[in-house]
>>> print(open('upload23.txt').read())   # compact mmCIF, C-alpha atoms
# COMPACT_ATOMS: atom_id res chain seq x y z
CA MET A 235 25.69 97.28 68.62
CA ALA A 236 26.86 100.84 69.22
CA GLU A 237 28.66 102.62 66.38
CA LYS A 238 31.21 105.35 66.77
CA THR A 239 31.48 108.81 65.33
CA SER A 240 34.58 109.78 63.43
CA LEU A 241 34.84 113.19 65.11
CA ILE A 242 34.95 112.44 68.82
CA ASN A 243 34.99 108.61 68.69
CA ALA A 244 32.04 108.43 71.07
CA PRO A 245 29.74 105.38 71.06
CA ILE A 246 26.43 106.13 69.36
CA VAL A 247 23.53 104.13 70.81
CA PHE A 248 20.70 105.28 68.53
CA HIS A 249 19.45 108.18 66.44
CA ILE A 250 16.52 110.53 66.88
CA GLY A 251 16.00 111.50 63.27
CA PRO A 252 19.35 112.83 62.05
CA VAL A 253 20.60 113.47 65.60
CA PRO A 254 22.94 110.79 67.01
CA ILE A 255 22.50 109.96 70.69
CA GLY A 256 25.76 108.93 72.31
CA LEU A 257 26.32 106.68 75.29
CA GLU A 258 27.27 109.63 77.51
CA VAL A 259 24.05 111.44 76.60
CA LEU A 260 21.97 108.33 77.33
CA THR A 261 23.72 107.85 80.67
CA THR A 262 23.10 111.52 81.46
CA TRP A 263 19.38 111.12 80.74
CA VAL A 264 19.21 108.10 83.03
CA ILE A 265 21.03 109.94 85.82
CA MET A 266 18.73 112.97 85.47
CA ALA A 267 15.67 110.71 85.56
CA VAL A 268 16.98 108.99 88.70
CA LEU A 269 17.68 112.30 90.45
CA VAL A 270 14.25 113.68 89.54
CA GLY A 271 12.57 110.45 90.65
CA VAL A 272 14.42 110.36 93.97
CA ALA A 273 13.64 114.04 94.62
CA TRP A 274 9.97 113.55 93.78
CA TYR A 275 9.64 110.44 95.91
CA GLY A 276 11.53 111.92 98.84
CA SER A 277 9.66 115.23 98.81
CA ARG A 278 6.34 113.39 99.21
CA ARG A 279 7.45 112.03 102.59
CA LEU A 280 8.77 115.17 104.27
CA SER A 281 7.80 115.65 107.90
CA VAL A 282 8.44 118.41 110.42
CA THR A 283 8.00 116.28 113.54
CA ARG A 284 9.42 112.91 112.45
CA PRO A 285 11.86 113.32 109.57
CA GLY A 286 12.97 110.12 107.88
CA ARG A 287 16.51 109.18 106.92
CA PHE A 288 16.21 110.58 103.43
CA GLN A 289 14.94 113.90 104.78
CA VAL A 290 17.80 114.09 107.27
CA VAL A 291 20.36 113.46 104.52
CA LEU A 292 18.63 115.98 102.27
CA GLU A 293 18.60 118.64 104.99
CA MET A 294 22.28 118.02 105.67
CA ALA A 295 23.09 118.43 101.97
CA VAL A 296 21.02 121.61 101.72
CA GLY A 297 22.66 123.01 104.85
CA PHE A 298 26.14 122.15 103.53
CA LEU A 299 25.49 123.82 100.18
CA GLY A 300 23.85 126.81 101.84
CA ASP A 301 26.89 127.34 104.07
CA LEU A 302 29.17 126.98 101.03
CA ILE A 303 27.28 129.71 99.19
CA ARG A 304 27.37 132.04 102.21
CA ASP A 305 31.07 131.48 102.80
CA VAL A 306 32.20 131.66 99.17
CA MET A 307 29.78 134.14 97.61
CA GLY A 308 28.95 136.26 100.64
CA ALA A 309 25.24 136.06 99.79
CA GLU A 310 22.14 134.34 101.04
CA PRO A 311 21.73 130.96 99.36
CA ASP A 312 18.04 131.09 98.38
CA THR A 313 18.70 132.53 94.91
CA PHE A 314 21.70 130.37 94.08
CA LEU A 315 20.93 127.07 95.79
CA PRO A 316 18.85 125.57 92.93
CA LEU A 317 21.71 125.98 90.42
CA ILE A 318 24.65 125.28 92.74
CA GLY A 319 22.86 122.35 94.39
CA THR A 320 21.85 120.83 91.06
CA LEU A 321 25.38 121.10 89.71
CA PHE A 322 26.82 119.44 92.80
CA LEU A 323 24.30 116.59 92.95
CA TYR A 324 24.51 115.90 89.22
CA ILE A 325 28.32 115.88 89.13
CA VAL A 326 28.56 113.70 92.25
CA THR A 327 26.12 111.19 90.77
CA CYS A 328 27.98 111.14 87.46
CA ASN A 329 31.35 110.76 89.16
CA LEU A 330 30.12 107.87 91.31
CA SER A 331 28.21 106.11 88.52
CA PRO A 332 31.21 103.84 87.64
CA LEU A 333 30.59 102.04 90.94
CA LEU A 334 27.87 100.28 88.94
CA PRO A 335 29.38 97.64 86.64
CA GLY A 336 29.67 98.68 83.03
CA VAL A 337 28.81 102.35 83.57
CA LYS A 338 31.13 105.04 82.22
CA PRO A 339 30.88 108.42 83.98
CA PRO A 340 29.53 111.16 81.70
CA THR A 341 31.88 113.60 83.42
CA ALA A 342 34.82 111.74 81.87
CA SER A 343 33.63 113.15 78.53
CA PHE A 344 34.59 116.65 77.41
CA GLU A 345 31.17 116.98 75.81
CA THR A 346 29.46 116.69 79.20
CA THR A 347 31.87 118.92 81.10
CA GLY A 348 31.80 121.39 78.22
CA ALA A 349 28.03 121.65 78.59
CA LEU A 350 28.41 122.17 82.34
CA GLY A 351 31.04 124.83 81.75
CA LEU A 352 28.75 126.57 79.25
CA ILE A 353 25.94 126.61 81.83
CA VAL A 354 28.25 128.29 84.34
CA PHE A 355 29.56 130.71 81.69
CA CYS A 356 26.07 131.84 80.68
CA THR A 357 24.90 132.07 84.30
CA VAL A 358 27.87 134.27 85.22
CA HIS A 359 27.05 136.84 82.56
CA ILE A 360 23.27 136.73 82.93
CA LEU A 361 23.37 137.27 86.69
CA GLY A 362 26.19 139.78 86.37
CA VAL A 363 24.17 141.93 83.96
CA ARG A 364 21.03 141.50 86.06
CA ARG A 365 22.79 142.67 89.22
CA ARG A 366 24.98 145.47 87.82
CA GLY A 367 23.13 146.47 84.66
CA LEU A 368 24.62 146.00 81.19
CA VAL A 369 26.83 149.08 81.27
CA GLY A 370 27.96 148.51 84.83
CA TYR A 371 28.82 144.89 84.10
CA LEU A 372 30.78 145.71 80.95
CA ARG A 373 32.75 148.29 82.92
CA THR A 374 34.15 145.52 85.09
CA TYR A 375 36.17 144.38 82.08
CA LEU A 376 37.90 147.76 82.02
CA GLN A 377 39.25 147.39 85.55
CA PRO A 378 41.76 148.34 86.73
CA THR A 379 42.38 150.16 83.41
CA VAL A 380 41.11 149.88 79.84
CA ILE A 381 44.40 148.26 78.85
CA PHE A 382 43.29 145.12 80.67
CA LEU A 383 40.19 144.64 78.49
CA PRO A 384 41.74 141.93 76.24
CA LEU A 385 43.19 140.12 79.24
CA ASN A 386 39.88 140.22 81.13
CA VAL A 387 37.98 138.87 78.12
CA LEU A 388 40.60 136.16 77.58
CA GLY A 389 40.43 135.30 81.28
CA GLU A 390 36.66 134.75 81.05
CA LEU A 391 37.17 132.24 78.24
CA THR A 392 40.18 130.44 79.64
CA ARG A 393 38.77 129.92 83.11
CA THR A 394 35.63 128.33 81.63
CA PHE A 395 37.83 126.09 79.48
CA ALA A 396 39.92 125.19 82.53
CA LEU A 397 36.77 124.37 84.49
CA MET A 398 35.73 121.94 81.76
CA VAL A 399 39.14 120.32 81.29
CA ARG A 400 39.89 119.99 85.01
CA LEU A 401 36.78 117.92 85.74
CA ALA A 402 36.94 115.71 82.65
CA GLY A 403 40.70 115.23 82.90
CA ASN A 404 40.66 114.18 86.54
CA ILE A 405 37.76 111.76 86.15
CA MET A 406 39.12 110.34 82.91
CA SER A 407 42.62 109.81 84.33
CA HIS A 408 41.22 108.16 87.45
CA GLU A 409 39.08 105.80 85.37
CA LEU A 410 42.09 104.93 83.22
CA THR A 411 44.19 104.21 86.31
CA ILE A 412 41.55 101.87 87.72
CA ALA A 413 41.22 100.09 84.35
CA VAL A 414 44.98 99.57 84.12
CA ILE A 415 45.17 98.19 87.66
CA ILE A 416 42.27 95.80 87.01
CA GLY A 417 43.94 94.65 83.80
CA LEU A 418 47.21 93.93 85.61
CA VAL A 419 46.12 92.36 88.88
CA GLY A 420 42.49 91.32 88.43
CA LEU A 421 39.23 92.35 90.03
CA LEU A 422 39.82 91.73 93.74
CA VAL A 423 42.95 93.75 94.49
CA PRO A 424 41.54 97.12 93.26
CA ILE A 425 38.64 97.00 95.74
CA PRO A 426 40.35 99.60 98.01
CA PHE A 427 40.54 101.84 94.96
CA MET A 428 36.75 101.91 94.87
CA ALA A 429 36.83 103.88 98.12
CA LEU A 430 39.33 106.20 96.46
CA SER A 431 36.90 106.58 93.53
CA ILE A 432 34.23 107.82 95.92
CA LEU A 433 36.64 110.34 97.45
CA VAL A 434 37.81 111.55 94.02
CA GLY A 435 34.22 111.88 92.81
CA LEU A 436 33.18 113.94 95.82
CA VAL A 437 36.28 116.16 95.73
CA GLN A 438 35.99 116.91 92.01
CA ALA A 439 32.30 117.75 92.36
CA TYR A 440 33.11 120.06 95.27
CA ILE A 441 35.88 121.81 93.33
CA PHE A 442 33.68 122.39 90.28
CA THR A 443 30.83 123.66 92.44
CA ILE A 444 32.94 126.01 94.52
CA LEU A 445 34.63 127.47 91.42
CA ALA A 446 31.22 128.02 89.83
CA ALA A 447 30.13 129.86 92.99
CA VAL A 448 33.30 131.99 92.90
CA PHE A 449 32.78 132.95 89.25
CA ILE A 450 29.12 133.85 89.79
CA GLY A 451 29.88 135.81 92.96
CA GLY A 452 32.66 137.68 91.20
CA ALA A 453 30.38 138.67 88.32
CA MET A 454 27.66 139.88 90.68
CA GLY A 455 30.05 141.80 92.91
CA THR A 456 29.25 139.83 96.07
CA ILE A 457 32.95 138.93 96.18
CA GLU A 458 35.97 140.31 94.44
CA LYS A 459 35.96 139.29 90.79
CA ALA A 460 37.58 135.86 90.33
>>> encode(input="upload23.txt", output="structure tokens")
Amino acid sequence: MAEKTSLINAPIVFHIGPVPIGLEVLTTWVIMAVLVGVAWYGSRRLSVTRPGRFQVVLEMAVGFLGDLIRDVMGAEPDTFLPLIGTLFLYIVTCNLSPLLPGVKPPTASFETTGALGLIVFCTVHILGVRRRGLVGYLRTYLQPTVIFLPLNVLGELTRTFALMVRLAGNIMSHELTIAVIIGLVGLLVPIPFMALSILVGLVQAYIFTILAAVFIGGAMGTIEKA
């Protein structure tokens, strides 16, 4: 039986030494294993002349994400597609995981979205320094004048926090709404809401991904700083 921590009240499934492994972490590991397995299996059957259904869907997804990167970041997608594509596919899978009975989406947890936000935060600064140089990147925080330095630094922190809270809050509130409806009217009536869950999951993944692309592009100077 899962226990709960006193700090974040998250179900703990088991421990690895002194480290507690929560239900969200376990679900995340399963989702990552599924995505890796599907990618490995699908990549073994790629064909130039007779692409299968999986390859067609994969090529459509890659084309969609590539166009998003070009339109939003104003850059070629080769460098950014692995990160942006992974974020999108992972968040979509997490958001749609409640379609399976008994599964709670990891993205309804602030711990998961906080980790995603931290990945974006670190990527923004690493790529920004790599593109502009350390001094050139730090100078962007002095624009338009040095007076704006505290505001620019605060903006970096708050937008990452907002990125985390927006995703977790929307998924959590949607899950709560579905749970309340099921509790009031039973299992059959909320079936149309399952279609809404798919739409919400896709939209929230798209919003997170496009904001990540905007932040990275702004740091690298491919677009005006977000």
>>> closest_residue(input="upload23.txt", among="A:Thr346, A:Thr320, A:Thr379, A:Thr261", to="Leu334 in chain A", atoms="only C-alpha atoms")
A:Thr261
>>> closest_atom_pairs(input="upload23.txt", of="range 344-428 of chain A", to="range 444-456 of chain A", cutoff="9 Å", atoms="all atoms listed in the file", output="Markdown table")
| residue | atom | partner | partner_atom | distance |
| --- | --- | --- | --- | --- |
| A:Gly351 | CA | A:Ala446 | CA | 8.7 |
| A:Val354 | CA | A:Ala446 | CA | 6.2 |
| A:Phe355 | CA | A:Phe449 | CA | 8.5 |
| A:Thr357 | CA | A:Ile450 | CA | 7.1 |
| A:Val358 | CA | A:Ile450 | CA | 4.8 |
| A:His359 | CA | A:Ala453 | CA | 6.9 |
| A:Leu361 | CA | A:Met454 | CA | 6.4 |
| A:Gly362 | CA | A:Met454 | CA | 4.6 |
| A:Val363 | CA | A:Met454 | CA | 7.8 |
| A:Arg364 | CA | A:Met454 | CA | 8.2 |
| A:Arg365 | CA | A:Met454 | CA | 5.8 |
| A:Arg366 | CA | A:Met454 | CA | 6.8 |
| A:Tyr371 | CA | A:Ala453 | CA | 7.7 |
| A:Thr374 | CA | A:Ala453 | CA | 8.5 |
| A:Leu397 | CA | A:Leu445 | CA | 7.9 |
>>> write_last_selection(input="upload23.txt", atoms="C-alpha atoms", output="mmCIF file, in the coordinates of the input")
data_model
loop_
_atom_site.group_PDB
_atom_site.id
_atom_site.type_symbol
_atom_site.label_atom_id
_atom_site.label_comp_id
_atom_site.auth_asym_id
_atom_site.auth_seq_id
_atom_site.Cartn_x
_atom_site.Cartn_y
_atom_site.Cartn_z
ATOM 1 C CA GLY A 351 31.040 124.830 81.750
ATOM 2 C CA VAL A 354 28.250 128.290 84.340
ATOM 3 C CA PHE A 355 29.560 130.710 81.690
ATOM 4 C CA THR A 357 24.900 132.070 84.300
ATOM 5 C CA VAL A 358 27.870 134.270 85.220
ATOM 6 C CA HIS A 359 27.050 136.840 82.560
ATOM 7 C CA LEU A 361 23.370 137.270 86.690
ATOM 8 C CA GLY A 362 26.190 139.780 86.370
ATOM 9 C CA VAL A 363 24.170 141.930 83.960
ATOM 10 C CA ARG A 364 21.030 141.500 86.060
ATOM 11 C CA ARG A 365 22.790 142.670 89.220
ATOM 12 C CA ARG A 366 24.980 145.470 87.820
ATOM 13 C CA TYR A 371 28.820 144.890 84.100
ATOM 14 C CA THR A 374 34.150 145.520 85.090
ATOM 15 C CA LEU A 397 36.770 124.370 84.490
#
>>> closest_residue(input="upload23.txt", among="A:Val399, A:Leu330, A:Val247, A:Leu269", to="Phe344 in chain A", atoms="all atoms listed in the file")
A:Val399
>>> atom_distance(input="upload23.txt", atom1="CA of Ile441 in chain A", atom2="CA of Ala309 in chain A")
18.9 Å
>>> closest_residue(input="upload23.txt", among="A:Val268, A:Leu376, A:Val369, A:Leu257", to="Tyr324 in chain A", atoms="only C-alpha atoms")
A:Val268
>>> residues_around(input="upload23.txt", residues="Cys328 in chain A", least_positions_apart="3", cutoff="6 Å", atoms="all atoms listed in the file", output="PyMOL selection string")
chain A and resi 325+331+339-340
>>> residues_around(input="upload23.txt", residues="Gly435 in chain A", least_positions_apart="5", cutoff="10 Å", atoms="all atoms listed in the file", output="PyMOL selection string")
chain A and resi 325-331+341+401+404-405+408+429-430+440
